[in-house]
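J.: My structure file run-v6.txt, compact mmCIF, C-alpha atoms (C1' of nucleotides), is below:
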# COMPACT_ATOMS: atom_id res chain seq x y z
CA MET A 1 -16.79 11.85 2.90
CA LEU A 2 -15.56 10.48 -0.39
CA LYS A 3 -12.27 9.87 1.34
CA LEU A 4 -12.90 6.15 1.21
CA ALA A 5 -11.37 5.80 -2.23
CA ALA A 6 -8.51 8.04 -1.16
CA MET A 7 -7.94 5.83 1.87
CA GLU A 8 -7.81 2.82 -0.37
CA ALA A 9 -5.23 4.45 -2.60
CA ALA A 10 -3.12 5.67 0.30
CA LEU A 11 -3.04 2.26 1.95
CA ARG A 12 -2.16 0.52 -1.27
CA ALA A 13 0.56 3.06 -1.91
CA LEU A 14 2.04 2.59 1.55
CA ALA A 15 2.04 -1.19 1.20
CA GLU A 16 5.26 -1.03 -0.76
CA PRO A 17 8.73 -0.65 0.75
CA THR A 18 10.19 1.45 -2.02
CA ARG A 19 7.32 3.92 -1.87
CA ARG A 20 7.65 4.19 1.89
CA ARG A 21 11.35 4.93 1.49
CA ILE A 22 10.52 7.58 -1.09
CA LEU A 23 8.14 9.17 1.38
CA THR A 24 10.81 9.29 4.07
CA LEU A 25 13.08 11.01 1.55
CA VAL A 26 10.67 13.73 0.48
CA ARG A 27 9.46 14.15 4.03
CA ASP A 28 12.65 15.92 4.97
CA SER A 29 13.05 18.07 1.90
CA GLU A 30 11.78 18.66 -1.59
CA LEU A 31 13.67 16.48 -4.07
CA SER A 32 13.76 16.03 -7.82
CA ALA A 33 12.84 12.71 -9.42
CA GLY A 34 16.48 12.14 -10.28
CA GLU A 35 17.69 12.83 -6.77
CA ILE A 36 15.11 10.43 -5.43
CA ALA A 37 16.04 7.76 -7.97
CA SER A 38 19.72 8.06 -7.03
CA HIS A 39 18.89 6.53 -3.66
CA PHE A 40 17.64 3.30 -5.17
CA THR A 41 19.00 0.44 -7.20
CA VAL A 42 15.88 0.20 -9.32
CA THR A 43 15.81 2.16 -12.57
CA ARG A 44 14.48 5.68 -12.94
CA PRO A 45 11.34 4.63 -14.77
CA ALA A 46 10.47 2.41 -11.83
CA VAL A 47 10.90 5.32 -9.43
CA SER A 48 8.88 7.53 -11.72
CA GLN A 49 6.04 5.04 -11.64
CA HIS A 50 6.17 4.91 -7.86
CA LEU A 51 6.02 8.68 -7.77
CA THR A 52 2.92 8.61 -9.95
CA VAL A 53 1.25 6.19 -7.56
CA LEU A 54 2.16 8.35 -4.57
CA LYS A 55 0.91 11.45 -6.33
CA GLU A 56 -2.42 9.90 -7.29
CA ALA A 57 -2.79 8.67 -3.73
CA GLY A 58 -2.43 12.27 -2.57
CA LEU A 59 0.68 11.49 -0.56
CA VAL A 60 3.14 13.71 -2.42
CA HIS A 61 2.98 17.01 -4.24
CA GLU A 62 4.63 17.63 -7.60
CA ARG A 63 6.05 21.00 -8.57
CA ARG A 64 7.65 21.57 -11.97
CA ASN A 65 10.69 23.75 -12.24
CA GLY A 66 12.23 23.87 -15.69
CA THR A 67 13.01 20.41 -16.87
CA ARG A 68 12.89 19.01 -13.39
CA ARG A 69 10.01 17.86 -11.24
CA LEU A 70 10.28 18.45 -7.52
CA TYR A 71 8.43 16.22 -5.13
CA SER A 72 7.51 16.90 -1.52
CA LEU A 73 5.43 15.23 1.13
CA ARG A 74 1.77 16.14 1.22
CA PRO A 75 0.88 15.82 4.91
CA GLU A 76 -2.88 15.85 4.36
CA GLY A 77 -2.65 12.43 2.71
CA LEU A 78 -1.17 10.85 5.79
CA ALA A 79 -3.59 12.75 7.98
CA GLY A 80 -6.50 10.98 6.34
CA LEU A 81 -4.96 7.63 7.10
CA ARG A 82 -4.18 8.67 10.63
CA SER A 83 -7.73 9.70 11.34
CA PHE A 84 -8.92 6.43 9.86
CA LEU A 85 -6.79 4.42 12.26
CA GLU A 86 -7.76 6.57 15.20
CA GLY A 87 -11.42 6.20 14.35
CA PHE A 88 -10.85 2.50 14.27
CA TRP A 89 -9.17 2.69 17.60
CA ASP A 90 -11.95 4.71 19.18
CA GLU A 91 -14.64 2.38 17.94
CA ARG A 92 -12.66 -0.51 19.31
CA LEU A 93 -12.73 1.08 22.75
CA GLN A 94 -16.46 1.56 22.44
CA ALA A 95 -16.79 -2.10 21.52
CA LEU A 96 -14.81 -3.08 24.60
CA ARG A 97 -17.13 -0.91 26.67
CA ARG A 98 -20.16 -2.58 25.14
CA GLU A 99 -18.72 -6.00 25.87
CA ALA A 100 -17.95 -5.07 29.46
CA GLU A 101 -21.50 -3.86 29.95
CA ALA A 102 -22.90 -7.01 28.41
CA GLU A 103 -20.72 -9.06 30.75
CA GLU A 104 -21.96 -7.00 33.65
CA ARG A 105 -25.55 -7.61 32.69
CA ARG A 106 -24.84 -11.31 32.32
CA LYS A 107 -23.41 -11.53 35.83
CA ARG A 108 -26.34 -9.66 37.30
CA GLY A 109 -28.69 -11.98 35.49
CA ASN A 110 -26.98 -15.02 37.02
CA HIS A 111 -27.17 -13.57 40.51
CA ARG A 112 -30.88 -13.14 40.78
CA MET B 1 12.90 -3.08 16.96
CA LEU B 2 12.12 -5.93 14.62
CA LYS B 3 8.73 -4.36 14.17
CA LEU B 4 9.72 -3.33 10.66
CA ALA B 5 8.70 -6.66 9.19
CA ALA B 6 5.51 -6.56 11.24
CA MET B 7 4.75 -3.10 9.92
CA GLU B 8 5.24 -4.39 6.42
CA ALA B 9 2.83 -7.26 7.00
CA ALA B 10 0.23 -5.07 8.68
CA LEU B 11 0.25 -2.50 5.89
CA ARG B 12 0.02 -5.14 3.22
CA ALA B 13 -2.83 -6.80 5.08
CA LEU B 14 -4.73 -3.53 5.39
CA ALA B 15 -4.30 -2.75 1.71
CA GLU B 16 -7.22 -5.00 0.86
CA PRO B 17 -10.88 -4.05 1.17
CA THR B 18 -12.16 -7.47 2.22
CA ARG B 19 -9.58 -7.74 4.99
CA ARG B 20 -10.46 -4.27 6.26
CA ARG B 21 -14.12 -5.27 6.34
CA ILE B 22 -13.19 -8.40 8.26
CA LEU B 23 -11.36 -6.26 10.77
CA THR B 24 -14.38 -4.04 11.28
CA LEU B 25 -16.43 -7.19 11.93
CA VAL B 26 -14.17 -8.74 14.54
CA ARG B 27 -13.52 -5.35 16.08
CA ASP B 28 -16.96 -5.33 17.61
CA SER B 29 -17.14 -8.92 18.75
CA GLU B 30 -15.44 -12.29 18.52
CA LEU B 31 -16.72 -14.20 15.51
CA SER B 32 -16.22 -17.65 14.04
CA ALA B 33 -14.76 -18.12 10.57
CA GLY B 34 -18.16 -19.18 9.28
CA GLU B 35 -19.93 -16.17 10.76
CA ILE B 36 -17.36 -13.91 9.18
CA ALA B 37 -17.65 -15.63 5.82
CA SER B 38 -21.43 -15.25 5.87
CA HIS B 39 -20.98 -11.49 5.46
CA PHE B 40 -19.21 -11.85 2.13
CA THR B 41 -19.99 -13.09 -1.32
CA VAL B 42 -16.58 -14.68 -1.76
CA THR B 43 -16.21 -18.31 -0.81
CA ARG B 44 -15.23 -19.53 2.63
CA PRO B 45 -11.76 -20.63 1.59
CA ALA B 46 -11.10 -17.10 0.38
CA VAL B 47 -12.15 -15.72 3.76
CA SER B 48 -10.05 -18.34 5.48
CA GLN B 49 -7.02 -17.20 3.51
CA HIS B 50 -7.68 -13.60 4.45
CA LEU B 51 -7.92 -14.61 8.09
CA THR B 52 -4.56 -16.32 7.81
CA VAL B 53 -3.02 -13.16 6.40
CA LEU B 54 -4.54 -11.05 9.16
CA LYS B 55 -3.37 -13.49 11.80
CA GLU B 56 0.20 -13.57 10.49
CA ALA B 57 0.16 -9.79 10.36
CA GLY B 58 -0.70 -9.78 14.05
CA LEU B 59 -3.96 -7.97 13.45
CA VAL B 60 -6.34 -10.66 14.71
CA HIS B 61 -6.23 -13.33 17.37
CA GLU B 62 -7.43 -16.90 16.83
CA ARG B 63 -8.99 -18.96 19.59
CA ARG B 64 -10.11 -22.53 18.99
CA ASN B 65 -13.26 -23.77 20.61
CA GLY B 66 -14.29 -27.27 19.61
CA THR B 67 -14.58 -27.47 15.89
CA ARG B 68 -14.85 -23.73 15.53
CA ARG B 69 -12.23 -21.02 15.36
CA LEU B 70 -13.08 -17.69 16.89
CA TYR B 71 -11.39 -14.55 15.67
CA SER B 72 -11.07 -11.22 17.42
CA LEU B 73 -9.24 -7.97 16.83
CA ARG B 74 -5.74 -7.73 18.21
CA PRO B 75 -5.38 -4.05 19.03
CA GLU B 76 -1.60 -4.16 19.42
CA GLY B 77 -1.26 -4.73 15.70
CA LEU B 78 -3.04 -1.55 14.85
CA ALA B 79 -1.18 0.27 17.60
CA GLY B 80 2.11 -0.48 15.88
CA LEU B 81 0.85 1.05 12.69
CA ARG B 82 -0.53 4.03 14.50
CA SER B 83 2.75 4.78 16.20
CA PHE B 84 4.51 4.41 12.86
CA LEU B 85 2.29 7.04 11.28
CA GLU B 86 2.61 9.33 14.26
CA GLY B 87 6.36 9.00 14.21
CA PHE B 88 6.23 9.91 10.57
CA TRP B 89 4.08 12.87 11.40
CA ASP B 90 6.38 14.08 14.16
CA GLU B 91 9.46 13.82 12.00
CA ARG B 92 7.65 15.77 9.35
CA LEU B 93 7.11 18.58 11.81
CA GLN B 94 10.78 18.48 12.75
CA ALA B 95 11.64 18.69 9.08
CA LEU B 96 9.44 21.74 8.71
CA ARG B 97 11.22 23.28 11.67
CA ARG B 98 14.61 22.57 10.13
CA GLU B 99 13.51 24.12 6.86
CA ALA B 100 12.21 27.21 8.62
CA GLU B 101 15.52 27.60 10.42
CA ALA B 102 17.46 27.17 7.22
CA GLU B 103 15.29 29.83 5.60
CA GLU B 104 15.95 32.07 8.56
CA ARG B 105 19.70 31.62 8.23
CA ARG B 106 19.48 32.31 4.51
CA LYS B 107 17.72 35.60 5.07
CA ARG B 108 20.24 36.66 7.69
CA GLY B 109 23.05 35.82 5.35
CA ASN B 110 21.54 38.04 2.65
CA HIS B 111 21.20 40.93 5.06
CA ARG B 112 24.84 41.31 6.00
C1' DT C 1 17.22 25.31 -34.50
C1' DA C 2 20.07 21.61 -32.82
C1' DG C 3 21.40 19.29 -28.99
C1' DA C 4 21.76 18.13 -24.18
C1' DT C 5 19.32 17.08 -19.86
C1' DA C 6 15.54 15.49 -16.89
C1' DT C 7 11.76 12.79 -16.67
C1' DT C 8 7.78 10.27 -18.24
C1' DT C 9 5.49 6.88 -21.23
C1' DC C 10 5.35 2.49 -23.64
C1' DA C 11 5.59 -2.50 -24.52
C1' DG C 12 6.53 -6.57 -22.66
C1' DC C 13 7.89 -9.79 -19.19
C1' DT C 14 7.59 -11.96 -14.54
C1' DT C 15 5.87 -12.42 -10.13
C1' DG C 16 2.46 -12.12 -6.65
C1' DC C 17 -2.24 -12.03 -5.13
C1' DG C 18 -6.97 -13.10 -4.64
C1' DC C 19 -10.31 -16.25 -6.14
C1' DT C 20 -12.41 -20.89 -7.02
C1' DT C 21 -13.04 -25.92 -6.87
C1' DA C 22 -11.63 -30.03 -4.84
C1' DC C 23 -9.71 -32.40 -1.12
C1' DG C 24 -7.87 -33.03 3.71
C1' DT C 25 -8.35 -32.67 8.79
C1' DA C 26 -10.19 -32.37 13.26
C1' DA C 27 -13.69 -32.24 16.71
C1' DG C 28 -18.48 -33.49 18.23
C1' DC C 29 -22.29 -36.97 17.97
C1' DG C 30 -25.36 -41.06 16.94
C1' DC D 1 -16.91 -46.28 14.59
C1' DG D 2 -19.09 -43.71 10.72
C1' DC D 3 -21.44 -39.27 9.86
C1' DT D 4 -21.75 -34.45 10.14
C1' DT D 5 -20.07 -29.89 10.96
C1' DA D 6 -16.56 -26.38 10.70
C1' DC D 7 -12.46 -25.21 8.91
C1' DG D 8 -8.04 -25.16 6.57
C1' DT D 9 -4.95 -26.59 2.68
C1' DA D 10 -3.71 -27.60 -2.19
C1' DA D 11 -3.62 -26.74 -7.09
C1' DG D 12 -4.52 -23.89 -10.62
C1' DC D 13 -6.28 -19.70 -13.07
C1' DG D 14 -6.64 -14.79 -14.32
C1' DC D 15 -5.27 -10.38 -13.51
C1' DA D 16 -2.91 -6.58 -11.43
C1' DA D 17 1.68 -4.82 -10.03
C1' DG D 18 6.44 -3.86 -10.35
C1' DC D 19 10.50 -3.95 -13.18
C1' DT D 20 13.34 -3.12 -17.44
C1' DG D 21 15.11 -1.22 -21.89
C1' DA D 22 13.67 1.69 -25.51
C1' DA D 23 11.24 5.53 -27.25
C1' DA D 24 8.75 9.92 -26.55
C1' DT D 25 8.17 14.50 -24.38
C1' DA D 26 9.51 18.78 -22.48
C1' DT D 27 12.59 22.35 -21.15
C1' DC D 28 16.86 24.85 -21.14
C1' DT D 29 20.98 26.49 -23.88
C1' DA D 30 24.55 27.46 -27.39
Hey, can you dump this file as structure tokens for me?

T.:
Amino acid sequence: MLKLAAMEAALRALAEPTRRRILTLVRDSELSAGEIASHFTVTRPAVSQHLTVLKEAGLVHERRNGTRRLYSLRPEGLAGLRSFLEGFWDERLQALRREAEAEERRKRGNHR
Amino acid sequence: MLKLAAMEAALRALAEPTRRRILTLVRDSELSAGEIASHFTVTRPAVSQHLTVLKEAGLVHERRNGTRRLYSLRPEGLAGLRSFLEGFWDERLQALRREAEAEERRKRGNHR
DNA sequence: TAGATATTTCAGCTTGCGCTTACGTAAGCG
DNA sequence: CGCTTACGTAAGCGCAAGCTGAAATATCTA
């Protein structure tokens, strides 16, 4: 899986409050760049740059309609991150199991 | 929930390859700062700084034993992030449902 | 084609982040 | 005590990131 680089990009993209807010906006409905920008105090170029980051991270989808560009959430991007965290979680449980077994063996060893 | 700031810290902490690698190390077993640093080419102070970031983000736990400091994964930190992503996911599904219903209403409206 | 509208791209500035070297601190040990 | 070991903290450097105003691009429209 070459998703590692994608993961990197997605995490970096999410590590920014404005971008997270943008995601919550386009999660509910497809919005134009201008509509998105109207929700923020930062300038439109700033929002546009954030949108580029989100797009390159695979977190949003861009659709052009006339002079406008409509952005919407791209669920697959988040799914990758989700599976990463869950994998992490699972391996953690396995580690706990390994530790418990090691502890068990240690106790047995002391008893003989 | 004041977890918003924690979320912020956790995401920022995860958006760094070295810190993610550190997490995968202490996920499996408790390790000292030196043992952790030995896995990297960066200097020990750099690793120490990363450990501070991870600790303040609630992602690792620090336990002092003599002159050494032992670090281990703190699963609750990741859990918060996980639930955040899942909440995001769920709300996305609700949004899709809302859109489908709106579409449905639109079609009905056209038919009368 | 000229002009208006929507949005990106550019150049430059400022701040933040990760890294390094040097120094400080704290616990064990002779 | 002084020495060593194991870390963290401080100061500073270089670079990436986010922001802004200005200019460029692209699409509709009269």

J.: Quick check: residues of chain D within 10 Å of chain A, all atoms listed in the file, returned as a PyMOL selection string.

T.: chain D and resi 18-21+26-28

J.: When you look at DT29 of chain D with a cut-off of 12 Å (counting only C-alpha atoms (C1' of nucleotides)), what residues show up, excluding the ones that are within fewer than 2 positions of it in the same chain? I need them as a list in words.

T.: DT1, DA2, DG3, DA4 and DT5 of chain C; DT27 of chain D

J.: Would you list the contacts of DA24 of chain D as a list in words, taking every protein, DNA or RNA residue within 10 Å and counting all atoms listed in the file, but skipping same-chain residues closer than 2 positions in sequence?

T.: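 Skipping anything fewer than 2 positions along the chain leaves DT8, DT9 and DC10 of chain C; DA22 and DA26 of chain D.
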
J.: Against chain A, which residues of chain B fall within 12 Å? For each one I want the closest pair of atoms and the distance in Å (one decimal), counting all atoms listed in the file, rows by chain and increasing residue number, as a Markdown table.

T.:
| residue | atom | partner | partner_atom | distance |
| --- | --- | --- | --- | --- |
| B:Leu4 | CA | A:Pro17 | CA | 10.3 |
| B:Ala5 | CA | A:Pro17 | CA | 10.4 |
| B:Ala6 | CA | A:Ala15 | CA | 11.9 |
| B:Met7 | CA | A:Ala15 | CA | 9.3 |
| B:Glu8 | CA | A:Ala15 | CA | 6.9 |
| B:Ala9 | CA | A:Ala15 | CA | 8.4 |
| B:Ala10 | CA | A:Ala15 | CA | 8.6 |
| B:Leu11 | CA | A:Ala15 | CA | 5.2 |
| B:Arg12 | CA | A:Ala15 | CA | 4.9 |
| B:Ala13 | CA | A:Ala15 | CA | 8.4 |
| B:Leu14 | CA | A:Leu11 | CA | 6.9 |
| B:Ala15 | CA | A:Arg12 | CA | 4.9 |
| B:Glu16 | CA | A:Arg12 | CA | 7.8 |
| B:Pro17 | CA | A:Glu8 | CA | 7.7 |
| B:Thr18 | CA | A:Glu8 | CA | 11.5 |
| B:Arg19 | CA | A:Glu8 | CA | 12.0 |
| B:Arg20 | CA | A:Glu8 | CA | 10.1 |
| B:Arg21 | CA | A:Phe88 | CA | 11.6 |
| B:Leu23 | CA | A:Phe88 | CA | 9.4 |
| B:Thr24 | CA | A:Phe88 | CA | 8.0 |
| B:Leu25 | CA | A:Arg92 | CA | 10.6 |
| B:Val26 | CA | A:Arg92 | CA | 9.6 |
| B:Arg27 | CA | A:Arg92 | CA | 5.9 |
| B:Asp28 | CA | A:Ala95 | CA | 5.1 |
| B:Ser29 | CA | A:Ala95 | CA | 7.4 |
| B:Glu30 | CA | A:Glu99 | CA | 10.2 |
| B:Ser72 | CA | A:Arg92 | CA | 11.0 |
| B:Leu73 | CA | A:Arg92 | CA | 8.6 |
| B:Arg74 | CA | A:Arg92 | CA | 10.1 |
| B:Pro75 | CA | A:Trp89 | CA | 7.9 |
| B:Glu76 | CA | A:Trp89 | CA | 10.4 |
| B:Gly77 | CA | A:Trp89 | CA | 11.0 |
| B:Leu78 | CA | A:Leu85 | CA | 7.5 |
| B:Ala79 | CA | A:Trp89 | CA | 8.3 |
| B:Gly80 | CA | A:Leu85 | CA | 10.8 |
| B:Leu81 | CA | A:Leu85 | CA | 8.4 |
| B:Arg82 | CA | A:Leu85 | CA | 6.7 |
| B:Ser83 | CA | A:Arg82 | CA | 9.7 |
| B:Phe84 | CA | A:Arg82 | CA | 9.9 |
| B:Leu85 | CA | A:Arg82 | CA | 6.7 |
| B:Glu86 | CA | A:Arg82 | CA | 7.7 |
| B:Gly87 | CA | A:Thr24 | CA | 11.1 |
| B:Phe88 | CA | A:Thr24 | CA | 8.0 |
| B:Trp89 | CA | A:Pro75 | CA | 7.8 |
| B:Asp90 | CA | A:Arg27 | CA | 10.6 |
| B:Glu91 | CA | A:Arg27 | CA | 8.0 |
| B:Arg92 | CA | A:Arg27 | CA | 5.8 |
| B:Leu93 | CA | A:Asp28 | CA | 9.2 |
| B:Gln94 | CA | A:Asp28 | CA | 8.4 |
| B:Ala95 | CA | A:Asp28 | CA | 5.1 |
| B:Leu96 | CA | A:Asp28 | CA | 7.6 |
| B:Arg97 | CA | A:Asp28 | CA | 10.1 |
| B:Arg98 | CA | A:Asp28 | CA | 8.6 |
| B:Glu99 | CA | A:Ser29 | CA | 7.8 |
| B:Ala100 | CA | A:Ser29 | CA | 11.4 |
| B:Ala102 | CA | A:Ser29 | CA | 11.4 |

J.: Nearest residue to chain C out of B:Arg105, B:Tyr71, B:Glu62, B:Val53, using all atoms listed in the file?

T.: B:Val53

J.: For a quick check of understanding, using only C-alpha atoms (C1' of nucleotides), which of C:DG12, C:DA26, C:DC17, C:DA6 has the smallest distance to chain B?

T.: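 Residue with the minimum atom-to-atom distance to chain B: C:DA26.
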
J.: Please, what distance in Å, to one decimal, runs between atom CA of Thr52 of chain B and atom C1' of DT20 of chain C?

T.: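 These atoms are spaced 17.4 Å apart.
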